Amino acid sequence: MTWLPLLLADPSPALRLLVLRELFNRPEDDAEVRELAALRETDPLVTDLLVLQEPEGAWSRVDLTSSGRKLRATALALTRLGYLGFGPDHPAVQGGAEYLFSLQQADGSWPLATAWTGPEAKKEGYDMVPLQTALPLRGLAACGYATDARAERAYEWLLAQRLPDGAWPTGLAAGNYGYVGGYRRLAHSRWGCRSNTTGALMCLACHPERRTSPEAQRALDLLLGREIRESYSFGFEVARTIGVEPARGFFTHYARFDLAQILDLCWRAGAGRDDERVIELVTFVQDLQGPYGLWEYTPRPQASRWVAFDLLRSLSRLGEAGDWLSLEPRTPFQAYPRRTKRF
C-alpha cells in the first residue's frame with residue numbers, strides 16, 4: 001500500500017479527508033476526520049472558488065473557465081464542491097443551487113439560449129440539446145440535490161429525450177436529429193451522441209436510485225462499446241473538476257474518452273468484473289499504475305494524486321459480479337469508418 005503515505009501527505013486537506021472517508025471508511029466522528037473537515041474550508045481549492053461567488057449565489061467564472069455565462073459557471077462550481085464533499089448544508093452550495101433552480105423552466109429543463117449564448121447553439125438552430133439540462137443537473141446532483149423535487153423533474157425531462165436505442169442525441173433542430181461527428185459517435189447507435197450520452201449518465205450516476213436503473217445501465221453499455229484505449233486523456237475529468245484543466249466547449253464537453261471516468265461510472269451503475277470489457281478496462285488501468293502505487297496525470301502533474309484517489313476508489317468499489325446484463329455485441333469501433341466506393 002505504497003500510495004498511503006503519498007496521498008495522506010498531500011497538502012490539500014480536502015484530498016486527505018476524501019482518502020480517509022472513501023478509501024479507509026473512517027466514521028464522521030473520527031478525530032482526524034473532524035479535524036480535516038474543519039481544515040477543508042481553508043483549502044485553496046475551496047477558498048479560491050468561494051471568493052468568486054456573487055451575492056445572488058451564482059458564479060460568472062471558475063478558475064480557467066472564464067466564459068461569462070453564469071449558468072454554466074455555477075454548474076461547474078457546484079460540481080467541484082460536490083466532488084469535494086460539500087452538500088446542501090453549506091451556504092455556498094445553497095446559494096448556487098437556488099440560483100440554478102431559479103432558471104429552471106416549467107418542463108424541468110434549463111433554457112438553451114440563456115445557458116449557452118455562444119455561436120455553437122444558435123448557429124446550428126438547435127431547439128433542444130440534452131446537455132443544456134445535463135450540465136446544471138450534474139452540479140446539483142453532485143451536491144446532494146438529486147432527490148429534490150425540482151431535480152427529479154429535470155431527470156424526467158432528460159429521460160424523455162432518450163433515443164429508442166438508449167442513447168441521447170446531439171440535439172433536435174426543427175424536429176430533426178443533429179449531426180454526430182465521428183469523434184462523438186457511439187459504436188451501435190445511429191443518432192446517439194457520446195458527449196450527450198455521457199452527460200446524461202453522469203447525472204443518473206449521482207442519483208441514489210436512478211444510478212442502477214435500466215436507462216443508466218443501457219447508456220453505460222453503449223459507452224463501453226467504444227473499446228478504444230487512450231492514455232492521453234486518462235484522468236482528464238478529475239483534473240477538470242478540481243480546476244487544473246479548463247472546461248471548454250458545449251457539444252464537446254465530454255468529447256474526450258476518459259477511461260478513468262468510465263471506470264467511475266462502471267461501479268456507480270452496477271457493472272462488475274464479470275463483464276469482459278470491464279476486466280480489460282481494469283487491466284489497462286492497472287498497467288498504467290506507477291511504481292509507487294499512483295497514476296501520473298502527465299499534462300498537469302499537480303492533479304496526479306487526485307486522479308490516483310479517484311481510480312483507487314473505483315477499483316475498491318467495483319464488485320466481482322455486476323447487477324446487469326450487457327446487450328452490446330463486441331465489434332471493432334472506428335470513429336470515421338471508410339466508406340465503400342461505388343465504383
# chains A, B, ... in the order shown; residues from 1 in each chain; ligands from 1

call {"tool": "residues_around", "arguments": {"residues": "stretch 133-145 of chain A", "least_positions_apart": "2", "cutoff": "6 Å", "atoms": "only C-alpha atoms", "output": "PyMOL selection string"}}
result
chain A and resi 75+78-79+82+87+109-110+130-131+147-148+199-200+203+206

call {"tool": "select_by_dssp", "arguments": {"residues": "stretch 31-276 of chain A", "states": "helix (DSSP H, G or I)", "output": "PyMOL selection string"}}
result
chain A and resi 31-42+44-50+70-83+91-102+112-115+119-124+131-142+149-160+182-184+194-205+210-212+214-224+236-241+259-269+276

call {"tool": "residues_around", "arguments": {"residues": "A:Arg34", "least_positions_apart": "6", "cutoff": "12 Å", "atoms": "only C-alpha atoms", "output": "PyMOL selection string"}}
result
chain A and resi 13-14+16-17+20-21+26-28+40

call {"tool": "closest_residue", "arguments": {"among": "A:Trp191, A:Trp324, A:Phe257, A:Tyr297", "to": "A:Asn176", "atoms": "only C-alpha atoms"}}
result
A:Trp191

call {"tool": "atom_distance", "arguments": {"atom1": "atom CA of A:Leu311", "atom2": "atom CA of A:Pro208"}}
result
20.6 Å

call {"tool": "closest_atom_pairs", "arguments": {"of": "stretch 10-106 of chain A", "to": "stretch 151-162 of chain A", "cutoff": "9 Å", "atoms": "only C-alpha atoms", "output": "JSON lines"}}
result
{"residue": "A:Phe101", "atom": "CA", "partner": "A:Ala151", "partner_atom": "CA", "distance": 8.4}
{"residue": "A:Gln104", "atom": "CA", "partner": "A:Ala154", "partner_atom": "CA", "distance": 8.5}
{"residue": "A:Ala106", "atom": "CA", "partner": "A:Arg153", "partner_atom": "CA", "distance": 8.9}

call {"tool": "residues_around", "arguments": {"residues": "A:Arg305", "least_positions_apart": "2", "cutoff": "12 Å", "atoms": "only C-alpha atoms", "output": "VMD selection string"}}
result
chain A and resid 3 to 12 14 to 16 18 to 19 235 238 to 239 242 289 to 290 292 to 298 300 to 303 307 to 312

call {"tool": "select_by_dssp", "arguments": {"residues": "stretch 42-108 of chain A", "states": "strand (DSSP E or B)", "output": "list of chain:residue names"}}
result
A:Gln53, A:Trp59, A:Val62, A:Thr65

call {"tool": "write_last_selection", "arguments": {"atoms": "N, CA and C atoms", "output": "PDB file, in the first residue's frame"}}
result
ATOM      1  N   GLN A  53     -17.842  33.653  -5.867  1.00  0.00           N
ATOM      2  CA  GLN A  53     -19.300  33.575  -5.843  1.00  0.00           C
ATOM      3  C   GLN A  53     -19.897  34.967  -5.658  1.00  0.00           C
ATOM      4  N   TRP A  59     -21.969  32.054 -10.028  1.00  0.00           N
ATOM      5  CA  TRP A  59     -20.583  32.294 -10.434  1.00  0.00           C
ATOM      6  C   TRP A  59     -20.593  32.762 -11.880  1.00  0.00           C
ATOM      7  N   VAL A  62     -15.065  30.428 -13.293  1.00  0.00           N
ATOM      8  CA  VAL A  62     -14.486  29.449 -12.376  1.00  0.00           C
ATOM      9  C   VAL A  62     -13.077  29.134 -12.855  1.00  0.00           C
ATOM     10  N   THR A  65     -11.946  28.675 -16.482  1.00  0.00           N
ATOM     11  CA  THR A  65     -13.129  28.810 -17.322  1.00  0.00           C
ATOM     12  C   THR A  65     -13.722  30.194 -17.113  1.00  0.00           C
TER      13      THR A  65
END

call {"tool": "closest_residue", "arguments": {"among": "A:Leu52, A:Leu36, A:Met128, A:Leu318", "to": "A:Gly175", "atoms": "only C-alpha atoms"}}
result
A:Met128

call {"tool": "atom_distance", "arguments": {"atom1": "atom CA of A:Thr252", "atom2": "atom CA of A:Val46"}}
result
26.6 Å

call {"tool": "atom_distance", "arguments": {"atom1": "atom CA of A:Val33", "atom2": "atom CA of A:Thr2"}}
result
21.3 Å

call {"tool": "decode", "arguments": {"residues": "stretch 9-80 of chain A", "atoms": "C-alpha atoms", "output": "compact mmCIF listing (two decimals), in the first residue's frame"}}
result
# COMPACT_ATOMS: atom_id res chain seq x y z
CA ALA A 9 0.94 13.64 2.86
CA ASP A 10 -0.73 15.80 0.23
CA PRO A 11 -1.05 19.47 1.28
CA SER A 12 -4.76 19.52 0.39
CA PRO A 13 -6.92 18.79 3.46
CA ALA A 14 -9.84 18.17 1.08
CA LEU A 15 -7.97 15.30 -0.57
CA ARG A 16 -6.80 13.83 2.74
CA LEU A 17 -10.36 13.94 4.03
CA LEU A 18 -11.68 12.13 0.96
CA VAL A 19 -8.99 9.47 1.33
CA LEU A 20 -9.99 8.79 4.94
CA ARG A 21 -13.70 8.75 4.15
CA GLU A 22 -13.76 6.95 0.81
CA LEU A 23 -10.75 4.61 0.96
CA PHE A 24 -10.49 3.88 4.68
CA ASN A 25 -14.19 4.26 5.57
CA ARG A 26 -13.42 6.34 8.65
CA PRO A 27 -16.60 7.37 10.52
CA GLU A 28 -17.63 11.01 10.76
CA ASP A 29 -16.91 11.09 14.50
CA ASP A 30 -13.27 10.07 13.91
CA ALA A 31 -10.95 12.70 15.40
CA GLU A 32 -8.86 13.08 12.24
CA VAL A 33 -11.92 13.28 10.04
CA ARG A 34 -13.39 16.05 12.20
CA GLU A 35 -10.11 17.96 12.10
CA LEU A 36 -9.81 17.73 8.32
CA ALA A 37 -13.47 18.66 7.85
CA ALA A 38 -12.72 21.97 9.56
CA LEU A 39 -9.45 22.49 7.68
CA ARG A 40 -11.15 21.81 4.35
CA GLU A 41 -12.67 25.30 4.44
CA THR A 42 -9.14 26.74 4.16
CA ASP A 43 -8.14 24.59 1.18
CA PRO A 44 -7.22 26.84 -1.80
CA LEU A 45 -9.43 24.67 -4.00
CA VAL A 46 -12.34 25.84 -1.86
CA THR A 47 -11.36 29.39 -0.89
CA ASP A 48 -10.37 30.37 -4.45
CA LEU A 49 -13.75 29.15 -5.64
CA LEU A 50 -15.91 30.71 -2.93
CA VAL A 51 -14.33 34.13 -3.35
CA LEU A 52 -15.71 34.20 -6.90
CA GLN A 53 -19.30 33.57 -5.84
CA GLU A 54 -21.58 36.57 -6.37
CA PRO A 55 -24.21 37.84 -3.88
CA GLU A 56 -27.04 36.21 -5.85
CA GLY A 57 -25.35 32.82 -5.40
CA ALA A 58 -24.06 32.47 -8.95
CA TRP A 59 -20.58 32.29 -10.43
CA SER A 60 -19.60 34.17 -13.59
CA ARG A 61 -16.29 32.37 -13.95
CA VAL A 62 -14.49 29.45 -12.38
CA ASP A 63 -10.68 29.36 -12.47
CA LEU A 64 -9.56 28.64 -16.02
CA THR A 65 -13.13 28.81 -17.32
CA SER A 66 -13.98 32.46 -17.95
CA SER A 67 -16.98 32.07 -20.20
CA GLY A 68 -19.04 34.81 -18.62
CA ARG A 69 -22.07 32.53 -18.70
CA LYS A 70 -23.40 32.32 -15.19
CA LEU A 71 -25.48 29.19 -15.60
CA ARG A 72 -22.58 27.10 -16.85
CA ALA A 73 -20.03 28.55 -14.43
CA THR A 74 -22.37 27.93 -11.50
CA ALA A 75 -22.93 24.34 -12.62
CA LEU A 76 -19.16 23.78 -12.78
CA ALA A 77 -18.66 25.34 -9.35
CA LEU A 78 -21.28 23.09 -7.76
CA THR A 79 -19.77 20.06 -9.49
CA ARG A 80 -16.45 20.77 -7.81
